[in-house]
>>> print(open('work_5.cif').read())   # mmCIF, C-alpha atoms
data_query
loop_
_atom_site.label_atom_id
_atom_site.label_comp_id
_atom_site.auth_asym_id
_atom_site.auth_seq_id
_atom_site.Cartn_x
_atom_site.Cartn_y
_atom_site.Cartn_z
CA MET A 1 129.20 -27.18 -177.18
CA THR A 2 126.39 -26.16 -179.53
CA VAL A 3 125.85 -22.65 -180.82
CA LYS A 4 122.27 -21.34 -180.67
CA ARG A 5 121.17 -19.02 -183.46
CA ARG A 6 118.70 -16.26 -182.77
CA PRO A 7 115.71 -17.37 -184.82
CA GLY A 8 114.40 -13.92 -185.89
CA ARG A 9 117.65 -12.60 -187.42
CA ARG A 10 118.83 -14.06 -190.68
CA PRO A 11 120.26 -11.57 -193.22
CA GLY A 12 120.73 -14.00 -196.12
CA SER A 13 122.24 -17.45 -195.57
CA ALA A 14 124.19 -18.36 -192.45
CA ASP A 15 127.48 -17.50 -194.18
CA THR A 16 126.38 -14.45 -196.18
CA ARG A 17 129.44 -12.59 -195.01
CA GLY A 18 131.75 -15.34 -196.28
CA GLU A 19 129.87 -15.44 -199.57
CA ILE A 20 130.26 -11.69 -200.01
CA LEU A 21 134.01 -11.95 -199.33
CA SER A 22 134.31 -14.78 -201.82
CA ALA A 23 132.45 -12.72 -204.44
CA ALA A 24 134.66 -9.74 -203.57
CA ARG A 25 137.84 -11.77 -204.17
CA LYS A 26 136.52 -12.82 -207.56
CA VAL A 27 135.48 -9.31 -208.63
CA PHE A 28 138.67 -7.69 -207.30
CA ALA A 29 140.72 -10.29 -209.18
CA GLU A 30 138.81 -9.68 -212.41
CA LYS A 31 138.51 -5.90 -212.31
CA GLY A 32 141.20 -4.73 -209.91
CA PHE A 33 140.53 -2.64 -206.82
CA ASP A 34 139.74 0.57 -208.64
CA LYS A 35 137.13 -0.71 -211.09
CA ALA A 36 135.41 -3.12 -208.71
CA THR A 37 132.18 -1.69 -207.22
CA VAL A 38 130.10 -2.62 -204.18
CA ARG A 39 127.18 -2.97 -206.59
CA GLY A 40 129.13 -5.39 -208.80
CA ILE A 41 130.23 -7.44 -205.81
CA ALA A 42 126.63 -7.57 -204.52
CA ARG A 43 125.49 -8.78 -207.96
CA GLU A 44 128.20 -11.47 -207.97
CA ALA A 45 127.13 -12.59 -204.46
CA GLN A 46 123.44 -12.38 -205.42
CA VAL A 47 122.60 -10.12 -202.49
CA ASP A 48 121.33 -6.58 -202.10
CA PRO A 49 124.07 -3.88 -202.08
CA ALA A 50 122.65 -2.68 -198.72
CA LEU A 51 123.57 -6.05 -197.25
CA VAL A 52 127.15 -5.62 -198.46
CA HIS A 53 127.23 -2.25 -196.70
CA HIS A 54 125.77 -3.92 -193.60
CA TYR A 55 128.82 -6.19 -193.35
CA PHE A 56 131.52 -3.89 -194.74
CA ASP A 57 131.45 -0.12 -194.34
CA THR A 58 133.67 0.61 -197.32
CA LYS A 59 135.21 -0.98 -200.39
CA ASP A 60 138.62 -0.59 -198.68
CA ARG A 61 137.48 -2.61 -195.70
CA MET A 62 136.05 -5.30 -197.93
CA PHE A 63 139.30 -5.50 -199.88
CA THR A 64 141.31 -5.56 -196.66
CA GLU A 65 139.25 -8.43 -195.30
CA ALA A 66 139.18 -10.29 -198.61
CA MET A 67 142.98 -10.00 -198.83
CA ARG A 68 143.56 -9.93 -195.08
CA LEU A 69 145.91 -6.96 -195.32
CA PRO A 70 146.89 -5.88 -191.83
CA VAL A 71 148.11 -2.43 -192.92
CA THR A 72 144.97 -0.51 -193.89
CA PRO A 73 144.24 3.13 -194.61
CA GLU A 74 141.97 3.24 -191.55
CA LEU A 75 144.99 2.31 -189.43
CA VAL A 76 147.74 4.17 -191.27
CA ILE A 77 146.18 7.59 -191.74
CA PRO A 78 145.15 8.27 -188.13
CA THR A 79 148.56 6.94 -186.99
CA LEU A 80 150.28 9.40 -189.28
CA LEU A 81 148.11 12.37 -188.34
CA ASP A 82 147.76 11.73 -184.60
CA GLY A 83 150.83 13.34 -183.03
CA PRO A 84 153.62 15.79 -183.74
CA ARG A 85 154.83 15.91 -187.33
CA GLU A 86 158.47 15.56 -186.23
CA GLU A 87 157.71 12.07 -184.86
CA LEU A 88 155.74 10.92 -187.90
CA GLY A 89 158.52 8.61 -189.18
CA ARG A 90 158.81 6.91 -185.82
CA ARG A 91 155.03 6.45 -185.53
CA LEU A 92 154.77 4.90 -189.00
CA VAL A 93 157.75 2.52 -188.57
CA THR A 94 156.53 1.47 -185.10
CA MET A 95 153.02 0.82 -186.43
CA ILE A 96 154.24 -1.27 -189.40
CA LEU A 97 156.65 -3.34 -187.28
CA THR A 98 154.03 -3.87 -184.57
CA VAL A 99 151.27 -4.95 -186.95
CA THR A 100 153.57 -7.34 -188.85
CA ALA A 101 155.09 -8.82 -185.67
CA GLU A 102 152.08 -11.14 -185.29
CA ALA A 103 152.26 -14.15 -187.64
CA GLU A 104 148.47 -14.20 -187.86
CA THR A 105 148.26 -10.75 -189.43
CA ARG A 106 151.60 -10.92 -191.25
CA GLU A 107 151.28 -14.22 -193.08
CA PRO A 108 148.25 -13.46 -195.26
CA MET A 109 149.95 -10.21 -196.30
CA ILE A 110 153.17 -12.04 -197.18
CA ALA A 111 151.06 -14.53 -199.15
CA LEU A 112 149.53 -11.70 -201.17
CA ILE A 113 152.97 -10.19 -201.82
CA ARG A 114 154.31 -13.55 -202.94
CA SER A 115 151.32 -13.88 -205.29
CA ALA A 116 151.93 -10.36 -206.58
CA MET A 117 155.49 -11.36 -207.52
CA THR A 118 154.44 -14.23 -209.74
CA ASN A 119 150.84 -13.57 -210.78
CA GLU A 120 150.00 -10.58 -212.96
CA GLN A 121 146.45 -10.29 -211.63
CA ALA A 122 147.54 -10.39 -207.99
CA ALA A 123 150.25 -7.85 -208.83
CA GLN A 124 147.64 -5.56 -210.36
CA MET A 125 145.39 -5.83 -207.30
CA PHE A 126 148.21 -5.30 -204.84
CA LYS A 127 149.50 -2.36 -206.84
CA GLU A 128 146.12 -0.67 -207.17
CA PHE A 129 145.38 -1.11 -203.50
CA VAL A 130 148.79 0.14 -202.42
CA THR A 131 148.63 3.10 -204.78
CA ARG A 132 145.05 4.26 -204.62
CA ALA A 133 143.87 3.18 -201.19
CA LEU A 134 147.10 3.72 -199.27
CA LEU A 135 149.81 5.83 -200.89
CA SER A 136 147.62 8.35 -202.71
CA ARG A 137 145.58 9.01 -199.62
CA VAL A 138 148.63 9.45 -197.43
CA ALA A 139 150.12 11.78 -200.05
CA GLU A 140 146.90 13.81 -200.10
CA GLU A 141 146.43 13.97 -196.33
CA LEU A 142 150.01 15.05 -195.69
CA GLY A 143 150.71 17.00 -198.87
CA VAL A 144 153.81 14.91 -199.60
CA PRO A 145 154.86 14.22 -203.24
CA HIS A 146 153.94 10.72 -204.42
CA LEU A 147 157.54 9.79 -205.25
CA ARG A 148 158.57 10.39 -201.63
CA ILE A 149 155.69 8.28 -200.31
CA GLU A 150 156.78 5.51 -202.68
CA ALA A 151 160.40 5.74 -201.49
CA ALA A 152 159.11 5.27 -197.91
CA PHE A 153 156.93 2.37 -199.05
CA ALA A 154 159.95 0.81 -200.80
CA GLN A 155 162.03 1.08 -197.61
CA MET A 156 159.42 -0.62 -195.44
CA PHE A 157 158.50 -3.19 -198.12
CA GLY A 158 162.20 -4.10 -198.44
CA VAL A 159 162.54 -4.41 -194.66
CA LEU A 160 159.54 -6.76 -194.43
CA MET A 161 160.97 -8.85 -197.29
CA ALA A 162 164.44 -9.00 -195.70
CA ARG A 163 163.08 -9.73 -192.22
CA TYR A 164 160.26 -12.18 -192.97
CA VAL A 165 160.77 -13.66 -196.45
CA LEU A 166 164.54 -13.77 -197.03
CA ARG A 167 165.15 -13.83 -193.25
CA LEU A 168 168.47 -12.02 -193.58
CA GLU A 169 170.41 -11.92 -190.33
CA PRO A 170 170.75 -9.78 -188.25
CA MET A 171 167.61 -8.10 -189.73
CA ALA A 172 165.36 -11.12 -189.08
CA SER A 173 166.16 -11.27 -185.35
CA ALA A 174 166.74 -7.57 -184.73
CA ASP A 175 164.98 -5.99 -181.78
CA PRO A 176 162.05 -3.81 -182.98
CA GLU A 177 163.42 -0.84 -181.00
CA GLU A 178 166.76 -1.02 -182.81
CA LEU A 179 165.01 -1.21 -186.19
CA ILE A 180 162.77 1.73 -185.30
CA ASP A 181 165.80 3.87 -184.37
CA LEU A 182 167.48 2.93 -187.64
CA LEU A 183 164.52 3.37 -189.99
CA ALA A 184 162.46 6.20 -188.48
CA PRO A 185 164.81 9.01 -189.65
CA THR A 186 164.61 7.66 -193.23
CA ILE A 187 160.81 7.74 -193.27
CA GLN A 188 160.77 11.09 -191.48
CA ARG A 189 163.03 12.61 -194.14
CA TYR A 190 160.86 11.34 -197.03
CA PHE A 191 157.66 12.61 -195.44
CA VAL A 192 158.73 15.90 -193.97
CA GLU A 193 161.91 17.28 -195.55
CA MET B 1 178.77 -18.47 -242.28
CA THR B 2 180.75 -21.35 -240.77
CA VAL B 3 182.90 -21.02 -237.68
CA LYS B 4 186.37 -22.55 -237.89
CA ARG B 5 187.73 -24.15 -234.75
CA ARG B 6 191.41 -24.14 -234.05
CA PRO B 7 192.23 -27.84 -234.23
CA GLY B 8 194.84 -28.02 -231.46
CA ARG B 9 192.76 -26.41 -228.69
CA ARG B 10 189.84 -28.28 -227.26
CA PRO B 11 189.38 -27.90 -223.50
CA GLY B 12 186.53 -30.38 -223.13
CA SER B 13 183.54 -30.36 -225.49
CA ALA B 14 182.56 -27.36 -227.61
CA ASP B 15 180.20 -26.14 -224.89
CA THR B 16 182.25 -26.99 -221.81
CA ARG B 17 181.55 -23.55 -220.41
CA GLY B 18 177.80 -24.06 -220.74
CA GLU B 19 178.06 -27.50 -219.17
CA ILE B 20 179.99 -26.09 -216.19
CA LEU B 21 177.33 -23.39 -215.71
CA SER B 22 174.61 -26.01 -215.87
CA ALA B 23 176.41 -28.15 -213.27
CA ALA B 24 176.93 -25.01 -211.16
CA ARG B 25 173.19 -24.22 -211.18
CA LYS B 26 172.46 -27.76 -210.04
CA VAL B 27 175.08 -27.75 -207.26
CA PHE B 28 174.16 -24.22 -206.08
CA ALA B 29 170.49 -25.23 -205.98
CA GLU B 30 171.27 -28.38 -203.97
CA LYS B 31 173.87 -27.03 -201.56
CA GLY B 32 173.37 -23.26 -201.54
CA PHE B 33 176.09 -20.75 -202.39
CA ASP B 34 178.10 -21.24 -199.24
CA LYS B 35 178.45 -25.02 -199.25
CA ALA B 36 178.93 -25.42 -203.01
CA THR B 37 182.59 -25.86 -204.01
CA VAL B 38 184.45 -25.45 -207.30
CA ARG B 39 185.61 -29.04 -206.82
CA GLY B 40 182.03 -30.28 -206.39
CA ILE B 41 180.88 -28.36 -209.46
CA ALA B 42 183.80 -29.77 -211.48
CA ARG B 43 182.83 -33.29 -210.37
CA GLU B 44 179.20 -32.68 -211.36
CA ALA B 45 180.34 -31.39 -214.79
CA GLN B 46 182.85 -34.27 -215.13
CA VAL B 47 185.75 -31.92 -215.81
CA ASP B 48 188.98 -31.05 -214.04
CA PRO B 49 188.69 -28.28 -211.38
CA ALA B 50 191.46 -26.42 -213.23
CA LEU B 51 189.17 -26.18 -216.24
CA VAL B 52 186.47 -24.60 -214.06
CA HIS B 53 189.03 -22.02 -212.93
CA HIS B 54 190.00 -21.48 -216.57
CA TYR B 55 186.46 -20.31 -217.36
CA PHE B 56 185.50 -18.68 -214.05
CA ASP B 57 188.00 -16.97 -211.77
CA THR B 58 185.95 -17.33 -208.61
CA LYS B 59 182.91 -19.08 -207.18
CA ASP B 60 181.20 -15.65 -207.02
CA ARG B 61 181.69 -15.11 -210.73
CA MET B 62 180.39 -18.58 -211.51
CA PHE B 63 177.31 -17.95 -209.35
CA THR B 64 176.80 -14.55 -210.94
CA GLU B 65 176.93 -16.02 -214.42
CA ALA B 66 174.83 -19.04 -213.50
CA MET B 67 172.18 -16.71 -212.01
CA ARG B 68 172.97 -13.75 -214.28
CA LEU B 69 173.05 -11.30 -211.40
CA PRO B 70 174.07 -7.88 -212.69
CA VAL B 71 175.02 -6.54 -209.25
CA THR B 72 178.17 -8.40 -208.26
CA PRO B 73 180.73 -7.93 -205.50
CA GLU B 74 183.37 -7.21 -208.18
CA LEU B 75 181.26 -4.26 -209.30
CA VAL B 76 179.87 -3.07 -205.96
CA ILE B 77 182.96 -3.05 -203.80
CA PRO B 78 185.25 -0.97 -206.06
CA THR B 79 182.33 1.41 -206.68
CA LEU B 80 181.91 1.90 -202.96
CA LEU B 81 185.60 2.33 -202.24
CA ASP B 82 186.59 4.42 -205.27
CA GLY B 83 185.89 8.01 -204.27
CA PRO B 84 185.18 10.23 -201.28
CA ARG B 85 183.28 8.61 -198.43
CA GLU B 86 180.76 11.47 -198.30
CA GLU B 87 179.57 10.56 -201.81
CA LEU B 88 179.35 6.81 -201.17
CA GLY B 89 175.52 6.78 -201.02
CA ARG B 90 175.26 8.60 -204.34
CA ARG B 91 177.79 6.26 -206.01
CA LEU B 92 175.95 3.12 -204.82
CA VAL B 93 172.47 4.34 -205.81
CA THR B 94 173.74 5.54 -209.21
CA MET B 95 175.45 2.21 -209.84
CA ILE B 96 172.38 0.13 -208.92
CA LEU B 97 170.00 2.27 -210.98
CA THR B 98 172.37 2.28 -213.96
CA VAL B 99 172.97 -1.46 -213.96
CA THR B 100 169.26 -2.26 -213.62
CA ALA B 101 168.20 0.27 -216.26
CA GLU B 102 169.02 -2.24 -219.01
CA ALA B 103 166.32 -4.89 -219.44
CA GLU B 104 168.96 -7.42 -220.50
CA THR B 105 170.76 -7.28 -217.15
CA ARG B 106 167.71 -6.51 -215.04
CA GLU B 107 165.34 -9.24 -216.16
CA PRO B 108 167.32 -12.32 -215.10
CA MET B 109 167.81 -10.70 -211.69
CA ILE B 110 164.08 -10.00 -211.35
CA ALA B 111 163.45 -13.62 -212.37
CA LEU B 112 165.71 -14.84 -209.57
CA ILE B 113 163.98 -12.55 -207.05
CA ARG B 114 160.56 -13.79 -208.18
CA SER B 115 161.80 -17.37 -207.75
CA ALA B 116 163.17 -16.51 -204.32
CA MET B 117 159.69 -15.31 -203.27
CA THR B 118 157.99 -18.59 -204.06
CA ASN B 119 160.67 -21.27 -204.03
CA GLU B 120 162.48 -22.11 -200.80
CA GLN B 121 165.61 -23.32 -202.59
CA ALA B 122 165.86 -20.21 -204.75
CA ALA B 123 165.25 -18.10 -201.63
CA GLN B 124 168.10 -19.89 -199.86
CA MET B 125 170.47 -19.30 -202.77
CA PHE B 126 169.52 -15.67 -203.17
CA LYS B 127 169.81 -15.09 -199.45
CA GLU B 128 173.18 -16.76 -199.10
CA PHE B 129 174.55 -14.91 -202.08
CA VAL B 130 173.21 -11.56 -200.92
CA THR B 131 174.46 -12.10 -197.38
CA ARG B 132 177.79 -13.78 -197.79
CA ALA B 133 179.02 -12.60 -201.16
CA LEU B 134 177.61 -9.08 -201.10
CA LEU B 135 176.49 -7.65 -197.75
CA SER B 136 179.08 -9.28 -195.49
CA ARG B 137 181.88 -8.21 -197.73
CA VAL B 138 180.65 -4.64 -197.97
CA ALA B 139 180.24 -4.57 -194.18
CA GLU B 140 183.80 -5.83 -193.77
CA GLU B 141 185.39 -3.49 -196.31
CA LEU B 142 183.67 -0.41 -194.91
CA GLY B 143 183.42 -1.37 -191.24
CA VAL B 144 179.65 -0.76 -191.21
CA PRO B 145 177.36 -2.85 -188.94
CA HIS B 146 175.49 -5.59 -190.81
CA LEU B 147 172.06 -4.28 -189.80
CA ARG B 148 172.79 -0.95 -191.48
CA ILE B 149 173.95 -2.66 -194.68
CA GLU B 150 170.72 -4.68 -194.65
CA ALA B 151 168.64 -1.53 -194.18
CA ALA B 152 170.36 -0.08 -197.28
CA PHE B 153 169.79 -3.34 -199.16
CA ALA B 154 166.10 -3.25 -198.12
CA GLN B 155 165.73 0.30 -199.44
CA MET B 156 167.22 -0.51 -202.84
CA PHE B 157 165.48 -3.90 -203.09
CA GLY B 158 162.15 -2.17 -202.36
CA VAL B 159 162.86 0.50 -204.99
CA LEU B 160 163.63 -2.12 -207.65
CA MET B 161 160.42 -3.99 -206.74
CA ALA B 162 158.32 -0.80 -206.83
CA ARG B 163 159.91 0.44 -210.07
CA TYR B 164 160.17 -2.78 -212.09
CA VAL B 165 157.83 -5.41 -210.62
CA LEU B 166 154.87 -3.48 -209.16
CA ARG B 167 155.54 -0.56 -211.55
CA LEU B 168 154.17 1.98 -209.10
CA GLU B 169 153.83 5.44 -210.60
CA PRO B 170 155.56 7.89 -210.41
CA MET B 171 158.42 5.58 -209.25
CA ALA B 172 158.35 3.45 -212.41
CA SER B 173 158.81 6.41 -214.77
CA ALA B 174 160.89 8.63 -212.50
CA ASP B 175 164.02 10.17 -213.91
CA PRO B 176 167.12 8.38 -212.53
CA GLU B 177 168.59 11.72 -211.41
CA GLU B 178 165.52 12.50 -209.32
CA LEU B 179 165.64 9.04 -207.72
CA ILE B 180 169.34 9.40 -206.99
CA ASP B 181 168.77 12.74 -205.25
CA LEU B 182 165.99 11.21 -203.18
CA LEU B 183 167.69 7.92 -202.21
CA ALA B 184 171.40 8.78 -201.93
CA PRO B 185 171.07 10.53 -198.51
CA THR B 186 169.30 7.44 -197.10
CA ILE B 187 172.08 5.08 -198.18
CA GLN B 188 174.73 7.58 -197.11
CA ARG B 189 173.21 7.77 -193.62
CA TYR B 190 173.13 3.98 -193.21
CA PHE B 191 176.72 3.58 -194.36
CA VAL B 192 178.43 6.53 -192.78
CA GLU B 193 176.50 7.95 -189.81
#
>>> encode(input="work_5.cif", output="structure tokens")
Amino acid sequence: MTVKRRPGRRPGSADTRGEILSAARKVFAEKGFDKATVRGIAREAQVDPALVHHYFDTKDRMFTEAMRLPVTPELVIPTLLDGPREELGRRLVTMILTVTAEAETREPMIALIRSAMTNEQAAQMFKEFVTRALLSRVAEELGVPHLRIEAAFAQMFGVLMARYVLRLEPMASADPEELIDLLAPTIQRYFVE
Amino acid sequence: MTVKRRPGRRPGSADTRGEILSAARKVFAEKGFDKATVRGIAREAQVDPALVHHYFDTKDRMFTEAMRLPVTPELVIPTLLDGPREELGRRLVTMILTVTAEAETREPMIALIRSAMTNEQAAQMFKEFVTRALLSRVAEELGVPHLRIEAAFAQMFGVLMARYVLRLEPMASADPEELIDLLAPTIQRYFVE
């Protein structure tokens, strides 16, 4: 089967999007999430910044796609806010376990975490993303102290490590519903107490 | 300054202890914690098993020293059992944060965890040790379901990663007392509820 291209539409080369992501990875690695700019990434990719915006609405989304992080602020924040506050812990735990249940979305994230454990630059990127794009925003939206958000992050990070990297049993094979019942009250207490 | 050796006492070479540890690292790496035996380690070190017992009371202790893990069953289990059950969470969190506060005891453990993230053999060893020597025994002593012990492990593992590897702020600089107040109820709930 051959793929026909529409002749009139060609924003840059055929793989402009891939080239922007590749430039983004390089700039994020060099500067970290916080200091990297759309303008700097456009310069690295030798395209107009408007074209970067055409493919990726925000710097977050570009980072997410460059790193293939399945847990993004665009997903987390509405999940947290959409529903009664007394079920916030359950919503967050359910969302994290659901998103990481698929190998396709989980594995690139595990790869980044592994890199962050052994490579200072990857650690810096992971840390800046987690802090500034995820935890700080959640803290701000919900008015929860940063230390409590980080305790919740630590709980879920540890669970993903135990379940998918160390594969501790019974954690690795546990039914998601059982895990949700066990973990939701912990997250709820950090966020709401 | 010269060191005099007592002439009559020479249990193997001058660094027999070091040679046993070196053999232990090799055997643990090959077989994992569970399948490695004192006898096999003695054979690898070309010494009598009795000599291994002379230096290291138990296989756990040998593993701990070979890996330099600061959190050992000999430390954890008495800490958990010694005191009222309603303060168990606080005792465990305090113990873990105290032991890991010293760079000298913390760093070799972090090194093993880093290895476990990227090396399948190190992961196997860390996992077997954590499961069989630590978590299973705590579960047995306290009659707590394994999944709950692993949830507690995941919380504290995540905290150590956030505080010492990712160095997330404010977690990295948080006062131990503040962390204990925040985390103790989580561990208490997993162990006692």
>>> interface_residues(input="work_5.cif", of="chain A", to="chain B", cutoff="6 Å", atoms="only C-alpha atoms", output="ChimeraX atom specification")
/A:114,117,127,147,154-155,157-159,166,170-171
>>> write_last_selection(input="work_5.cif", atoms="C-alpha atoms", output="PDB file, keeping the file's coordinate frame")
ATOM      1  CA  ARG A 114     154.310 -13.550-202.940  1.00  0.00           C
ATOM      2  CA  MET A 117     155.490 -11.360-207.520  1.00  0.00           C
ATOM      3  CA  LYS A 127     149.500  -2.360-206.840  1.00  0.00           C
ATOM      4  CA  LEU A 147     157.540   9.790-205.250  1.00  0.00           C
ATOM      5  CA  ALA A 154     159.950   0.810-200.800  1.00  0.00           C
ATOM      6  CA  GLN A 155     162.030   1.080-197.610  1.00  0.00           C
ATOM      7  CA  PHE A 157     158.500  -3.190-198.120  1.00  0.00           C
ATOM      8  CA  GLY A 158     162.200  -4.100-198.440  1.00  0.00           C
ATOM      9  CA  VAL A 159     162.540  -4.410-194.660  1.00  0.00           C
ATOM     10  CA  LEU A 166     164.540 -13.770-197.030  1.00  0.00           C
ATOM     11  CA  PRO A 170     170.750  -9.780-188.250  1.00  0.00           C
ATOM     12  CA  MET A 171     167.610  -8.100-189.730  1.00  0.00           C
TER      13      MET A 171
END
>>> residues_around(input="work_5.cif", residues="range 53-62 of chain B", least_positions_apart="4", cutoff="7 Å", atoms="all atoms listed in the file", output="short mmCIF file (atom, residue, chain, number, x, y, z; two decimals) with C-alpha atoms, in the coordinates of the input")
data_model
loop_
_atom_site.label_atom_id
_atom_site.label_comp_id
_atom_site.auth_asym_id
_atom_site.auth_seq_id
_atom_site.Cartn_x
_atom_site.Cartn_y
_atom_site.Cartn_z
CA ARG B 17 181.55 -23.55 -220.41
CA VAL B 38 184.45 -25.45 -207.30
CA PRO B 49 188.69 -28.28 -211.38
CA ALA B 66 174.83 -19.04 -213.50
CA ALA B 133 179.02 -12.60 -201.16
#
>>> residues_around(input="work_5.cif", residues="Ala45 in chain B", least_positions_apart="4", cutoff="9 Å", atoms="all atoms listed in the file", output="PyMOL selection string")
chain B and resi 16+19-24+40-41
>>> atom_distance(input="work_5.cif", atom1="CA of Lys26 in chain B", atom2="CA of Ala122 in chain B")
11.3 Å
>>> atom_distance(input="work_5.cif", atom1="CA of Glu140 in chain A", atom2="CA of Glu74 in chain A")
14.5 Å
>>> closest_residue(input="work_5.cif", among="B:Glu102, B:Glu193, B:Glu141, B:Glu177", to="Val76 in chain B", atoms="all atoms listed in the file")
B:Glu141
>>> atom_distance(input="work_5.cif", atom1="CA of Ala50 in chain A", atom2="CA of Leu75 in chain A")
24.7 Å
>>> resolve_selection(input="work_5.cif", expression="the PyMOL selection byres ((chain A and resi 31-34) around 7)", output="JSON, numbers by chain")
{"A": [27, 28, 29, 30, 35, 36, 124, 125, 128, 129]}
>>> write_last_selection(input="work_5.cif", atoms="C-alpha atoms", output="JSON list (two decimals), in the coordinates of the input")
[["chain", "number", "residue", "atom", "x", "y", "z"],
["A", 27, "VAL", "CA", 135.48, -9.31, -208.63],
["A", 28, "PHE", "CA", 138.67, -7.69, -207.30],
["A", 29, "ALA", "CA", 140.72, -10.29, -209.18],
["A", 30, "GLU", "CA", 138.81, -9.68, -212.41],
["A", 35, "LYS", "CA", 137.13, -0.71, -211.09],
["A", 36, "ALA", "CA", 135.41, -3.12, -208.71],
["A", 124, "GLN", "CA", 147.64, -5.56, -210.36],
["A", 125, "MET", "CA", 145.39, -5.83, -207.30],
["A", 128, "GLU", "CA", 146.12, -0.67, -207.17],
["A", 129, "PHE", "CA", 145.38, -1.11, -203.50]]
>>> resolve_selection(input="work_5.cif", expression="the PyMOL selection byres ((chain A and resi 109) around 8)", output="ChimeraX atom specification")
/A:67-70,105-108,110-113
>>> closest_residue(input="work_5.cif", among="A:Val144, A:Val52, A:Leu134, A:Ile180", to="Thr98 in chain A", atoms="only C-alpha atoms")
A:Ile180
>>> closest_residue(input="work_5.cif", among="B:Val71, B:Val93, B:Ala101, B:Ala139", to="Asp181 in chain B", atoms="all atoms listed in the file")
B:Val93
>>> axis_aligned_box(input="work_5.cif", around="range 105-118 of chain A", padding_each_side="4 Å", output="JSON")
{"center_x": 151.9, "center_y": -12.4, "center_z": -199.6, "size_x": 15.2, "size_y": 12.3, "size_z": 28.3}
